[in-house]
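Structure below is query-v9.cif: mmCIF, C-alpha atoms.
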```
data_input
#
loop_
_atom_site.group_PDB
_atom_site.id
_atom_site.type_symbol
_atom_site.label_atom_id
_atom_site.label_comp_id
_atom_site.auth_asym_id
_atom_site.auth_seq_id
_atom_site.Cartn_x
_atom_site.Cartn_y
_atom_site.Cartn_z
ATOM 1 C CA MET M 3 0.000 0.000 0.000
ATOM 2 C CA GLY M 4 1.336 3.464 -0.910
ATOM 3 C CA GLU M 5 2.138 6.211 1.539
ATOM 4 C CA SER M 6 -0.556 8.631 2.633
ATOM 5 C CA ARG M 7 -0.908 12.130 1.253
ATOM 6 C CA THR M 8 0.394 13.628 4.487
ATOM 7 C CA GLU M 9 3.502 11.436 4.477
ATOM 8 C CA LEU M 10 4.227 12.182 0.826
ATOM 9 C CA ILE M 11 3.864 15.952 1.258
ATOM 10 C CA GLN M 12 6.133 15.838 4.298
ATOM 11 C CA TRP M 13 8.756 13.881 2.345
ATOM 12 C CA LEU M 14 8.450 16.236 -0.632
ATOM 13 C CA ASN M 15 8.846 19.359 1.495
ATOM 14 C CA ASP M 16 11.824 17.910 3.376
ATOM 15 C CA LEU M 17 13.583 16.791 0.194
ATOM 16 C CA LEU M 18 12.980 19.921 -1.885
ATOM 17 C CA GLN M 19 12.729 22.550 0.870
ATOM 18 C CA LEU M 20 9.198 23.456 -0.197
ATOM 19 C CA ASN M 21 6.027 24.506 1.576
ATOM 20 C CA TYR M 22 3.486 22.449 -0.343
ATOM 21 C CA THR M 23 0.227 21.771 1.474
ATOM 22 C CA LYS M 24 -1.543 19.345 -0.848
ATOM 23 C CA VAL M 25 -0.757 16.750 -3.505
ATOM 24 C CA GLU M 26 -2.687 18.635 -6.188
ATOM 25 C CA GLN M 27 0.030 21.313 -6.260
ATOM 26 C CA CYS M 28 2.363 18.770 -7.857
ATOM 27 C CA GLY M 29 0.247 19.034 -11.019
ATOM 28 C CA THR M 30 2.293 22.050 -12.127
ATOM 29 C CA GLY M 31 5.162 19.645 -12.841
ATOM 30 C CA GLY M 32 7.883 21.633 -11.073
ATOM 31 C CA ALA M 33 8.203 19.348 -8.052
ATOM 32 C CA TYR M 34 8.373 16.222 -10.217
ATOM 33 C CA CYS M 35 11.228 17.780 -12.221
ATOM 34 C CA GLN M 36 13.169 18.578 -9.057
ATOM 35 C CA ILE M 37 12.641 15.150 -7.531
ATOM 36 C CA LEU M 38 14.321 13.760 -10.622
ATOM 37 C CA ASP M 39 17.043 16.409 -10.298
ATOM 38 C CA SER M 40 17.698 15.256 -6.730
ATOM 39 C CA ILE M 41 18.576 11.852 -8.190
ATOM 40 C CA TYR M 42 20.580 12.822 -11.275
ATOM 41 C CA GLY M 43 21.559 16.449 -10.636
ATOM 42 C CA ASP M 44 21.363 17.456 -14.305
ATOM 43 C CA ILE M 45 17.762 18.536 -14.886
ATOM 44 C CA PRO M 46 17.721 22.102 -16.341
ATOM 45 C CA MET M 47 16.123 23.630 -13.250
ATOM 46 C CA GLY M 48 16.686 27.132 -14.631
ATOM 47 C CA ARG M 49 13.955 26.394 -17.179
ATOM 48 C CA VAL M 50 11.543 24.820 -14.684
ATOM 49 C CA LYS M 51 8.834 27.209 -13.515
ATOM 50 C CA MET M 52 8.289 26.321 -9.856
ATOM 51 C CA GLN M 53 5.686 29.087 -9.521
ATOM 52 C CA ALA M 54 3.792 28.118 -12.673
ATOM 53 C CA LYS M 55 0.245 29.490 -12.732
ATOM 54 C CA HIS M 56 -1.010 28.684 -16.225
ATOM 55 C CA GLU M 57 -1.550 25.373 -17.979
ATOM 56 C CA TYR M 58 0.888 26.227 -20.767
ATOM 57 C CA GLU M 59 3.552 26.619 -18.060
ATOM 58 C CA PHE M 60 2.549 23.275 -16.556
ATOM 59 C CA LEU M 61 2.935 21.684 -20.003
ATOM 60 C CA ALA M 62 6.372 23.251 -20.452
ATOM 61 C CA ASN M 63 7.467 21.737 -17.117
ATOM 62 C CA PHE M 64 6.170 18.313 -18.101
ATOM 63 C CA LYS M 65 7.967 18.588 -21.438
ATOM 64 C CA ILE M 66 11.212 18.952 -19.477
ATOM 65 C CA LEU M 67 10.220 15.924 -17.373
ATOM 66 C CA GLN M 68 9.396 13.858 -20.470
ATOM 67 C CA ASN M 69 12.737 14.741 -22.047
ATOM 68 C CA ALA M 70 14.497 13.670 -18.850
ATOM 69 C CA PHE M 71 12.618 10.353 -18.772
ATOM 70 C CA LYS M 72 13.633 9.752 -22.374
ATOM 71 C CA ALA M 73 17.284 10.663 -21.757
ATOM 72 C CA LYS M 74 17.465 8.449 -18.651
ATOM 73 C CA LYS M 75 15.569 5.627 -20.388
ATOM 74 C CA ILE M 76 12.901 5.592 -17.672
ATOM 75 C CA ASP M 77 10.170 3.297 -18.969
ATOM 76 C CA LYS M 78 7.188 4.956 -17.338
ATOM 77 C CA PRO M 79 4.401 6.783 -19.227
ATOM 78 C CA ILE M 80 3.668 10.242 -17.820
ATOM 79 C CA PRO M 81 -0.107 10.926 -17.886
ATOM 80 C CA VAL M 82 0.400 14.625 -18.610
ATOM 81 C CA GLU M 83 -3.200 15.311 -19.619
ATOM 82 C CA LYS M 84 -4.446 14.075 -16.243
ATOM 83 C CA LEU M 85 -1.696 15.520 -14.054
ATOM 84 C CA VAL M 86 -1.997 19.099 -15.373
ATOM 85 C CA LYS M 87 -5.642 19.151 -14.267
ATOM 86 C CA CYS M 88 -4.265 19.151 -10.705
ATOM 87 C CA LYS M 89 -6.624 16.447 -9.491
ATOM 88 C CA MET M 90 -5.705 14.746 -6.234
ATOM 89 C CA GLN M 91 -5.987 11.076 -7.210
ATOM 90 C CA ASP M 92 -3.958 11.304 -10.432
ATOM 91 C CA ASN M 93 -1.151 13.241 -8.781
ATOM 92 C CA LEU M 94 -1.227 11.030 -5.690
ATOM 93 C CA GLU M 95 -0.641 7.923 -7.803
ATOM 94 C CA PHE M 96 2.189 9.537 -9.773
ATOM 95 C CA LEU M 97 3.789 10.965 -6.624
ATOM 96 C CA GLN M 98 3.662 7.521 -5.004
ATOM 97 C CA TRP M 99 5.384 6.038 -8.043
ATOM 98 C CA ILE M 100 8.088 8.710 -8.198
ATOM 99 C CA ARG M 101 8.727 8.273 -4.460
ATOM 100 C CA ARG M 102 9.342 4.558 -5.035
ATOM 101 C CA PHE M 103 11.587 5.433 -7.980
ATOM 102 C CA TRP M 104 13.517 7.877 -5.785
ATOM 103 C CA ASP M 105 13.934 5.249 -3.047
ATOM 104 C CA ALA M 106 15.356 2.817 -5.592
ATOM 105 C CA ASN M 107 17.686 5.239 -7.393
ATOM 106 C CA SER M 108 18.723 8.023 -5.013
ATOM 107 C CA SER M 109 22.357 7.960 -3.902
ATOM 108 C CA GLY M 110 21.475 9.413 -0.493
ATOM 109 C CA GLU M 111 23.935 12.274 -0.953
ATOM 110 C CA PRO M 112 22.921 15.692 0.484
ATOM 111 C CA TYR M 113 20.870 17.726 -1.999
ATOM 112 C CA ASP M 114 20.669 21.536 -1.877
ATOM 113 C CA ALA M 115 17.259 22.038 -3.464
ATOM 114 C CA ALA M 116 17.113 25.809 -2.923
ATOM 115 C CA ALA M 117 20.503 26.317 -4.573
ATOM 116 C CA ARG M 118 19.526 24.203 -7.584
ATOM 117 C CA ARG M 119 16.491 26.412 -8.213
ATOM 118 C CA LYS M 120 18.474 29.515 -7.187
ATOM 119 C CA GLY M 121 16.507 30.048 -3.978
ATOM 120 C CA GLY M 122 13.096 30.497 -5.594
ATOM 121 C CA GLY M 123 9.877 28.533 -5.665
ATOM 122 C CA ALA M 124 9.502 27.490 -2.024
ATOM 123 C CA GLU M 125 5.924 28.726 -1.767
ATOM 124 C CA PRO M 126 3.243 26.407 -3.156
ATOM 125 C CA PRO M 127 2.057 27.201 -6.685
ATOM 126 C CA ALA M 128 -1.535 27.906 -7.643
ATOM 127 C CA THR M 129 -3.356 24.744 -8.721
ATOM 128 C CA ILE M 130 -6.001 26.557 -10.738
ATOM 129 C CA ALA M 131 -4.721 28.857 -13.466
ATOM 130 C CA PRO M 132 -6.260 32.313 -12.931
ATOM 131 C CA VAL M 133 -7.791 34.215 -15.809
ATOM 132 C CA ALA M 134 -5.108 36.423 -17.288
ATOM 133 C CA ALA M 135 -5.587 40.163 -17.247
ATOM 134 C CA ARG M 136 -6.160 41.874 -20.573
ATOM 135 C CA THR M 137 -2.857 42.280 -22.304
ATOM 136 C CA VAL M 138 -1.358 44.446 -24.985
ATOM 137 C CA GLY M 139 -0.812 42.639 -28.251
ATOM 138 C CA GLY M 140 -1.400 39.283 -26.545
ATOM 139 C CA LEU M 141 2.133 39.322 -25.111
ATOM 140 C CA GLY M 142 1.264 39.581 -21.429
ATOM 141 C CA VAL M 143 2.383 43.211 -21.052
ATOM 142 C CA LYS M 144 0.019 45.328 -18.996
ATOM 143 C CA PRO M 145 -0.400 48.892 -20.244
ATOM 144 C CA ALA M 146 1.135 51.424 -17.869
ATOM 145 C CA THR M 147 -1.095 54.116 -16.458
ATOM 146 C CA GLY M 148 -0.239 57.670 -15.694
ATOM 147 C CA PRO M 149 -1.840 60.151 -13.300
ATOM 148 C CA GLY M 150 -5.609 60.030 -13.387
ATOM 149 C CA GLY M 151 -5.610 56.556 -14.887
ATOM 150 C CA ARG M 152 -4.374 57.713 -18.319
ATOM 151 C CA LYS M 153 -2.565 55.037 -20.302
ATOM 152 C CA THR M 154 1.075 55.688 -21.004
ATOM 153 C CA PRO M 155 2.221 54.708 -24.537
ATOM 154 C CA LEU M 156 4.443 51.626 -24.327
ATOM 155 C CA GLY M 157 7.079 52.976 -26.669
ATOM 156 C CA GLY M 158 6.910 56.664 -25.823
ATOM 157 C CA PRO M 159 8.889 58.618 -23.255
ATOM 158 C CA ARG M 160 7.273 59.773 -20.058
ATOM 159 C CA SER M 161 7.022 63.444 -19.381
ATOM 160 C CA GLY M 162 10.032 64.794 -17.542
ATOM 161 C CA SER M 163 12.223 61.823 -18.449
ATOM 162 C CA SER M 164 15.411 61.929 -20.444
ATOM 163 C CA THR M 165 15.479 60.359 -23.893
ATOM 164 C CA GLY M 166 19.245 60.555 -24.209
ATOM 165 C CA GLY M 167 19.777 56.974 -23.031
ATOM 166 C CA ALA M 168 18.561 54.445 -20.504
ATOM 167 C CA ALA M 169 20.268 53.743 -17.188
ATOM 168 C CA PRO M 170 21.992 50.335 -16.996
ATOM 169 C CA GLY M 171 19.451 49.098 -14.457
ATOM 170 C CA ALA M 172 16.519 50.095 -16.655
ATOM 171 C CA LEU M 173 18.117 48.491 -19.693
ATOM 172 C CA GLN M 174 18.681 45.243 -17.829
ATOM 173 C CA LYS M 175 15.058 45.259 -16.697
ATOM 174 C CA VAL M 176 13.822 45.721 -20.267
ATOM 175 C CA GLN M 177 16.100 42.933 -21.487
ATOM 176 C CA ALA M 178 14.803 40.633 -18.740
ATOM 177 C CA GLU M 179 11.204 41.458 -19.682
ATOM 178 C CA LEU M 180 11.945 40.743 -23.348
ATOM 179 C CA ALA M 181 13.534 37.427 -22.432
ATOM 180 C CA GLN M 182 10.505 36.510 -20.303
ATOM 181 C CA THR M 183 8.151 37.503 -23.126
ATOM 182 C CA LYS M 184 10.087 35.253 -25.501
ATOM 183 C CA GLN M 185 9.765 32.348 -23.064
ATOM 184 C CA ASP M 186 6.030 32.990 -22.683
ATOM 185 C CA ILE M 187 5.565 33.018 -26.462
ATOM 186 C CA GLU M 188 7.465 29.746 -26.803
ATOM 187 C CA ALA M 189 5.312 28.187 -24.075
ATOM 188 C CA LEU M 190 2.128 29.421 -25.798
ATOM 189 C CA GLU M 191 3.301 27.914 -29.078
ATOM 190 C CA LEU M 192 3.966 24.638 -27.267
ATOM 191 C CA GLU M 193 0.448 24.626 -25.830
ATOM 192 C CA ARG M 194 -1.068 25.572 -29.201
ATOM 193 C CA ASN M 195 0.724 22.728 -30.976
ATOM 194 C CA PHE M 196 -0.226 20.332 -28.178
ATOM 195 C CA TYR M 197 -3.964 20.926 -28.667
ATOM 196 C CA PHE M 198 -3.767 21.307 -32.447
ATOM 197 C CA ASN M 199 -2.192 17.855 -32.778
ATOM 198 C CA LYS M 200 -4.942 16.359 -30.642
ATOM 199 C CA LEU M 201 -7.660 17.954 -32.775
ATOM 200 C CA ARG M 202 -5.894 16.781 -35.924
ATOM 201 C CA ASP M 203 -5.796 13.188 -34.624
ATOM 202 C CA ILE M 204 -9.515 13.375 -33.806
ATOM 203 C CA GLU M 205 -10.266 14.763 -37.265
ATOM 204 C CA ILE M 206 -8.406 11.897 -38.949
ATOM 205 C CA LEU M 207 -10.098 9.229 -36.822
ATOM 206 C CA VAL M 208 -13.550 10.696 -37.479
ATOM 207 C CA GLN M 209 -12.932 10.936 -41.229
ATOM 208 C CA GLN M 210 -11.609 7.382 -41.430
ATOM 209 C CA GLN M 211 -14.635 5.999 -39.597
ATOM 210 C CA MET M 212 -17.043 8.038 -41.725
ATOM 211 C CA ASP M 213 -15.372 6.713 -44.889
ATOM 212 C CA VAL M 214 -15.848 3.144 -43.645
ATOM 213 C CA LEU M 215 -19.508 3.754 -42.849
ATOM 214 C CA GLU M 216 -20.061 5.503 -46.170
ATOM 215 C CA GLY M 217 -18.723 2.423 -47.948
ATOM 216 C CA GLU M 218 -21.322 0.365 -46.079
ATOM 217 C CA GLY M 219 -24.075 2.839 -46.905
ATOM 218 C CA LYS M 220 -24.405 3.984 -43.307
ATOM 219 C CA VAL M 221 -24.301 7.360 -41.552
ATOM 220 C CA ASP M 222 -23.331 8.068 -37.946
ATOM 221 C CA ALA M 223 -24.998 11.229 -36.634
ATOM 222 C CA THR M 224 -22.540 11.571 -33.743
ATOM 223 C CA LEU M 225 -19.499 11.455 -36.006
ATOM 224 C CA LYS M 226 -21.119 13.951 -38.332
ATOM 225 C CA SER M 227 -21.762 16.319 -35.409
ATOM 226 C CA ILE M 228 -18.145 16.005 -34.250
ATOM 227 C CA GLN M 229 -16.921 16.816 -37.745
ATOM 228 C CA GLU M 230 -19.208 19.848 -37.938
ATOM 229 C CA ILE M 231 -17.763 21.136 -34.646
ATOM 230 C CA LEU M 232 -14.213 20.636 -35.915
ATOM 231 C CA TYR M 233 -14.893 22.553 -39.117
ATOM 232 C CA LYS M 234 -17.026 25.287 -37.581
ATOM 233 C CA THR M 235 -15.534 28.788 -37.810
ATOM 234 C CA GLU M 236 -16.135 31.948 -35.812
ATOM 235 C CA ASP M 237 -17.504 35.157 -37.278
ATOM 236 C CA GLY M 238 -14.725 37.148 -38.879
ATOM 237 C CA PHE M 239 -12.463 34.135 -39.326
ATOM 238 C CA GLU M 240 -12.089 32.170 -42.520
ATOM 239 C CA PRO M 241 -9.551 29.424 -43.146
ATOM 240 C CA PRO M 242 -7.205 30.048 -46.082
ATOM 241 C CA GLY M 243 -8.752 28.949 -49.353
ATOM 242 C CA GLU M 244 -7.148 27.409 -52.387
ATOM 243 C CA GLU M 245 -6.528 30.821 -53.959
ATOM 244 C CA ASP M 246 -4.594 31.998 -50.892
ATOM 245 C CA GLN M 247 -2.539 28.814 -50.860
ATOM 246 C CA GLU M 248 -1.710 29.180 -54.554
ATOM 247 C CA GLU M 249 -0.566 32.754 -54.025
ATOM 248 C CA GLU M 250 1.821 31.625 -51.276
ATOM 249 C CA THR M 251 3.331 28.896 -53.464
ATOM 250 C CA PHE M 252 6.699 29.811 -54.920
#
```
File written out as structure tokens:
Amino acid sequence: MGESRTELIQWLNDLLQLNYTKVEQCGTGGAYCQILDSIYGDIPMGRVKMQAKHEYEFLANFKILQNAFKAKKIDKPIPVEKLVKCKMQDNLEFLQWIRRFWDANSSGEPYDAAARRKGGGAEPPATIAPVAARTVGGLGVKPATGPGGRKTPLGGPRSGSSTGGAAPGALQKVQAELAQTKQDIEALELERNFYFNKLRDIEILVQQQMDVLEGEGKVDATLKSIQEILYKTEDGFEPPGEEDQEEETF
């Protein structure tokens, strides 16, 4: 019989110097990545988001975990789709497994968890991704506001400020924000491709089954409804037609 939730959380917090309070918080993927790092010491913890709040960040963490499993030849499927939902039972089962794996493979050497993640991420992450605030250009940058609630142009100088050059500290901050924006875009692309591939697989399965039924002179109303949902478009959006595709052909 596996360990209880309380015992597992206590072990996790002791090993990784965390303050987790429930198993569901492991669904962000960060803790699983660091448990593996405590065994091998070569997981790219700088790329792991221990304070992940959004599902695309969870998926990015699990991508790192999957790559590690592949590199270490760990023959264990990771039920990513279930774990990222941050449900207790799914994460409890996976945490129990990874604890057994740790027991069997850990060297027992001291592990400085805080140093490996550069001192961050001790507080428990959110297990439900909050709705993001409205952003500018979809890049997660909140518009600045001036006195009286007026919006300050993102690219324009503020009144009373010098335009002759930015201070080193300000420049470093902008560079850090740009780097973070790039990471966020990459994570969004990862999430987009993740769901697109799933929809594409569903589309192919539905079409194949409909072709079989058509050959038998039959029609399945459910499959037809699924196909209609897949091909339905929103107002103002039209998929590229043949003419557009021909124009883009060189």
query = So which residues are close to (-5.9, 16.4, -6.7), meaning at most 8 Å away in the file's coordinates with all atoms listed in the file counted, and can you show them as number ranges by chain?
reply = M: 24-27, 29, 88-94
Go ahead and write the residues just picked, C-alpha atoms, as a PDB file, in the frame of the given file.
```
ATOM      1  CA  LYS M  24      -1.543  19.345  -0.848  1.00  0.00           C
ATOM      2  CA  VAL M  25      -0.757  16.750  -3.505  1.00  0.00           C
ATOM      3  CA  GLU M  26      -2.687  18.635  -6.188  1.00  0.00           C
ATOM      4  CA  GLN M  27       0.030  21.313  -6.260  1.00  0.00           C
ATOM      5  CA  GLY M  29       0.247  19.034 -11.019  1.00  0.00           C
ATOM      6  CA  CYS M  88      -4.265  19.151 -10.705  1.00  0.00           C
ATOM      7  CA  LYS M  89      -6.624  16.447  -9.491  1.00  0.00           C
ATOM      8  CA  MET M  90      -5.705  14.746  -6.234  1.00  0.00           C
ATOM      9  CA  GLN M  91      -5.987  11.076  -7.210  1.00  0.00           C
ATOM     10  CA  ASP M  92      -3.958  11.304 -10.432  1.00  0.00           C
ATOM     11  CA  ASN M  93      -1.151  13.241  -8.781  1.00  0.00           C
ATOM     12  CA  LEU M  94      -1.227  11.030  -5.690  1.00  0.00           C
TER      13      LEU M  94
END
```
note = Counting all atoms listed in the file, closest pick from M:Ile11, M:Leu215, M:Lys55, M:Phe60 relative to Gly31 (chain M) is M:Phe60
request  = Give the answer as one residue: which of M:Lys175, M:Lys226, M:Arg119, M:Lys184 has the shortest atom-to-atom distance to Gln53 (chain M), using all atoms listed in the file?
outcome  =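 Nearest to Gln53 (chain M): M:Arg119.
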message = Once the PyMOL selection byres ((chain M and resi 232) around 12) has been evaluated on this model, what residues remain selected, and can you format them as a PyMOL selection string?
response = chain M and resi 198+200-206+208-209+225-231+233-236
Take the residues just selected and output them with C-alpha atoms as a PDB file, in the coordinates of the input.
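And here is the file that came out, out-v3.pdb:
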```
ATOM      1  CA  PHE M 198      -3.767  21.307 -32.447  1.00  0.00           C
ATOM      2  CA  LYS M 200      -4.942  16.359 -30.642  1.00  0.00           C
ATOM      3  CA  LEU M 201      -7.660  17.954 -32.775  1.00  0.00           C
ATOM      4  CA  ARG M 202      -5.894  16.781 -35.924  1.00  0.00           C
ATOM      5  CA  ASP M 203      -5.796  13.188 -34.624  1.00  0.00           C
ATOM      6  CA  ILE M 204      -9.515  13.375 -33.806  1.00  0.00           C
ATOM      7  CA  GLU M 205     -10.266  14.763 -37.265  1.00  0.00           C
ATOM      8  CA  ILE M 206      -8.406  11.897 -38.949  1.00  0.00           C
ATOM      9  CA  VAL M 208     -13.550  10.696 -37.479  1.00  0.00           C
ATOM     10  CA  GLN M 209     -12.932  10.936 -41.229  1.00  0.00           C
ATOM     11  CA  LEU M 225     -19.499  11.455 -36.006  1.00  0.00           C
ATOM     12  CA  LYS M 226     -21.119  13.951 -38.332  1.00  0.00           C
ATOM     13  CA  SER M 227     -21.762  16.319 -35.409  1.00  0.00           C
ATOM     14  CA  ILE M 228     -18.145  16.005 -34.250  1.00  0.00           C
ATOM     15  CA  GLN M 229     -16.921  16.816 -37.745  1.00  0.00           C
ATOM     16  CA  GLU M 230     -19.208  19.848 -37.938  1.00  0.00           C
ATOM     17  CA  ILE M 231     -17.763  21.136 -34.646  1.00  0.00           C
ATOM     18  CA  TYR M 233     -14.893  22.553 -39.117  1.00  0.00           C
ATOM     19  CA  LYS M 234     -17.026  25.287 -37.581  1.00  0.00           C
ATOM     20  CA  THR M 235     -15.534  28.788 -37.810  1.00  0.00           C
ATOM     21  CA  GLU M 236     -16.135  31.948 -35.812  1.00  0.00           C
TER      22      GLU M 236
END
```
request  = Calculate how many Å separate CA of Ile100 (chain M) from CA of Ile45 (chain M), rounding to one decimal.
outcome  =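 These two atoms are separated by 15.3 Å.
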Answer as a compact mmCIF listing (two decimals) with C-alpha atoms, in the frame of the given file, residues within 10 Å of (8.8, 25.8, -3.9) using all atoms listed in the file:
```
# COMPACT_ATOMS: atom_id res chain seq x y z
CA ASN M 15 8.85 19.36 1.50
CA LEU M 18 12.98 19.92 -1.88
CA GLN M 19 12.73 22.55 0.87
CA LEU M 20 9.20 23.46 -0.20
CA ASN M 21 6.03 24.51 1.58
CA TYR M 22 3.49 22.45 -0.34
CA GLY M 32 7.88 21.63 -11.07
CA ALA M 33 8.20 19.35 -8.05
CA GLN M 36 13.17 18.58 -9.06
CA LYS M 51 8.83 27.21 -13.52
CA MET M 52 8.29 26.32 -9.86
CA GLN M 53 5.69 29.09 -9.52
CA ALA M 115 17.26 22.04 -3.46
CA ALA M 116 17.11 25.81 -2.92
CA ARG M 119 16.49 26.41 -8.21
CA GLY M 121 16.51 30.05 -3.98
CA GLY M 122 13.10 30.50 -5.59
CA GLY M 123 9.88 28.53 -5.66
CA ALA M 124 9.50 27.49 -2.02
CA GLU M 125 5.92 28.73 -1.77
CA PRO M 126 3.24 26.41 -3.16
CA PRO M 127 2.06 27.20 -6.68
```
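With distances restricted to all atoms listed in the file, M:Leu38 is the closest residue to Ala73 (chain M) from M:Gly171, M:Ser6, M:Phe103, M:Leu38.
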Å distance separating CA of Leu67 (chain M) from CA of Glu179 (chain M), one decimal place = 25.7 Å
request  = Tell me, in Å to one decimal, how far CA of Cys35 (chain M) is from CA of Gln182 (chain M).
outcome  =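 The value is 20.4 Å.
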request  = Apply the PyMOL selection byres ((chain M and resi 43) around 12) to the displayed file and report the matching residues as a ChimeraX atom specification.
outcome  = /M:35-42,44-47,70,108-109,111-115,117-119
Hey, could you pull the box centre and edge lengths for region 6-15 of chain M, axis-aligned, 8 Å padding per side, all listed atoms, to one decimal in Å, as lines of an AutoDock Vina configuration file?
```
center_x = 4.0
center_y = 14.0
center_z = 1.9
size_x = 25.8
size_y = 26.7
size_z = 21.1
```
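Comparing the minimum interatomic distances between Glu95 (chain M) and each of M:Ala169, M:Cys28, M:Met212, M:Ala54, counting only C-alpha atoms, we find that M:Cys28 sits nearest.
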request  = Give me the result of the PyMOL selection byres ((chain M and resi 61) around 12) on this file, residue by residue, as a PyMOL selection string.
outcome  = chain M and resi 29-32+50-51+54-60+62-68+80-87+188-197
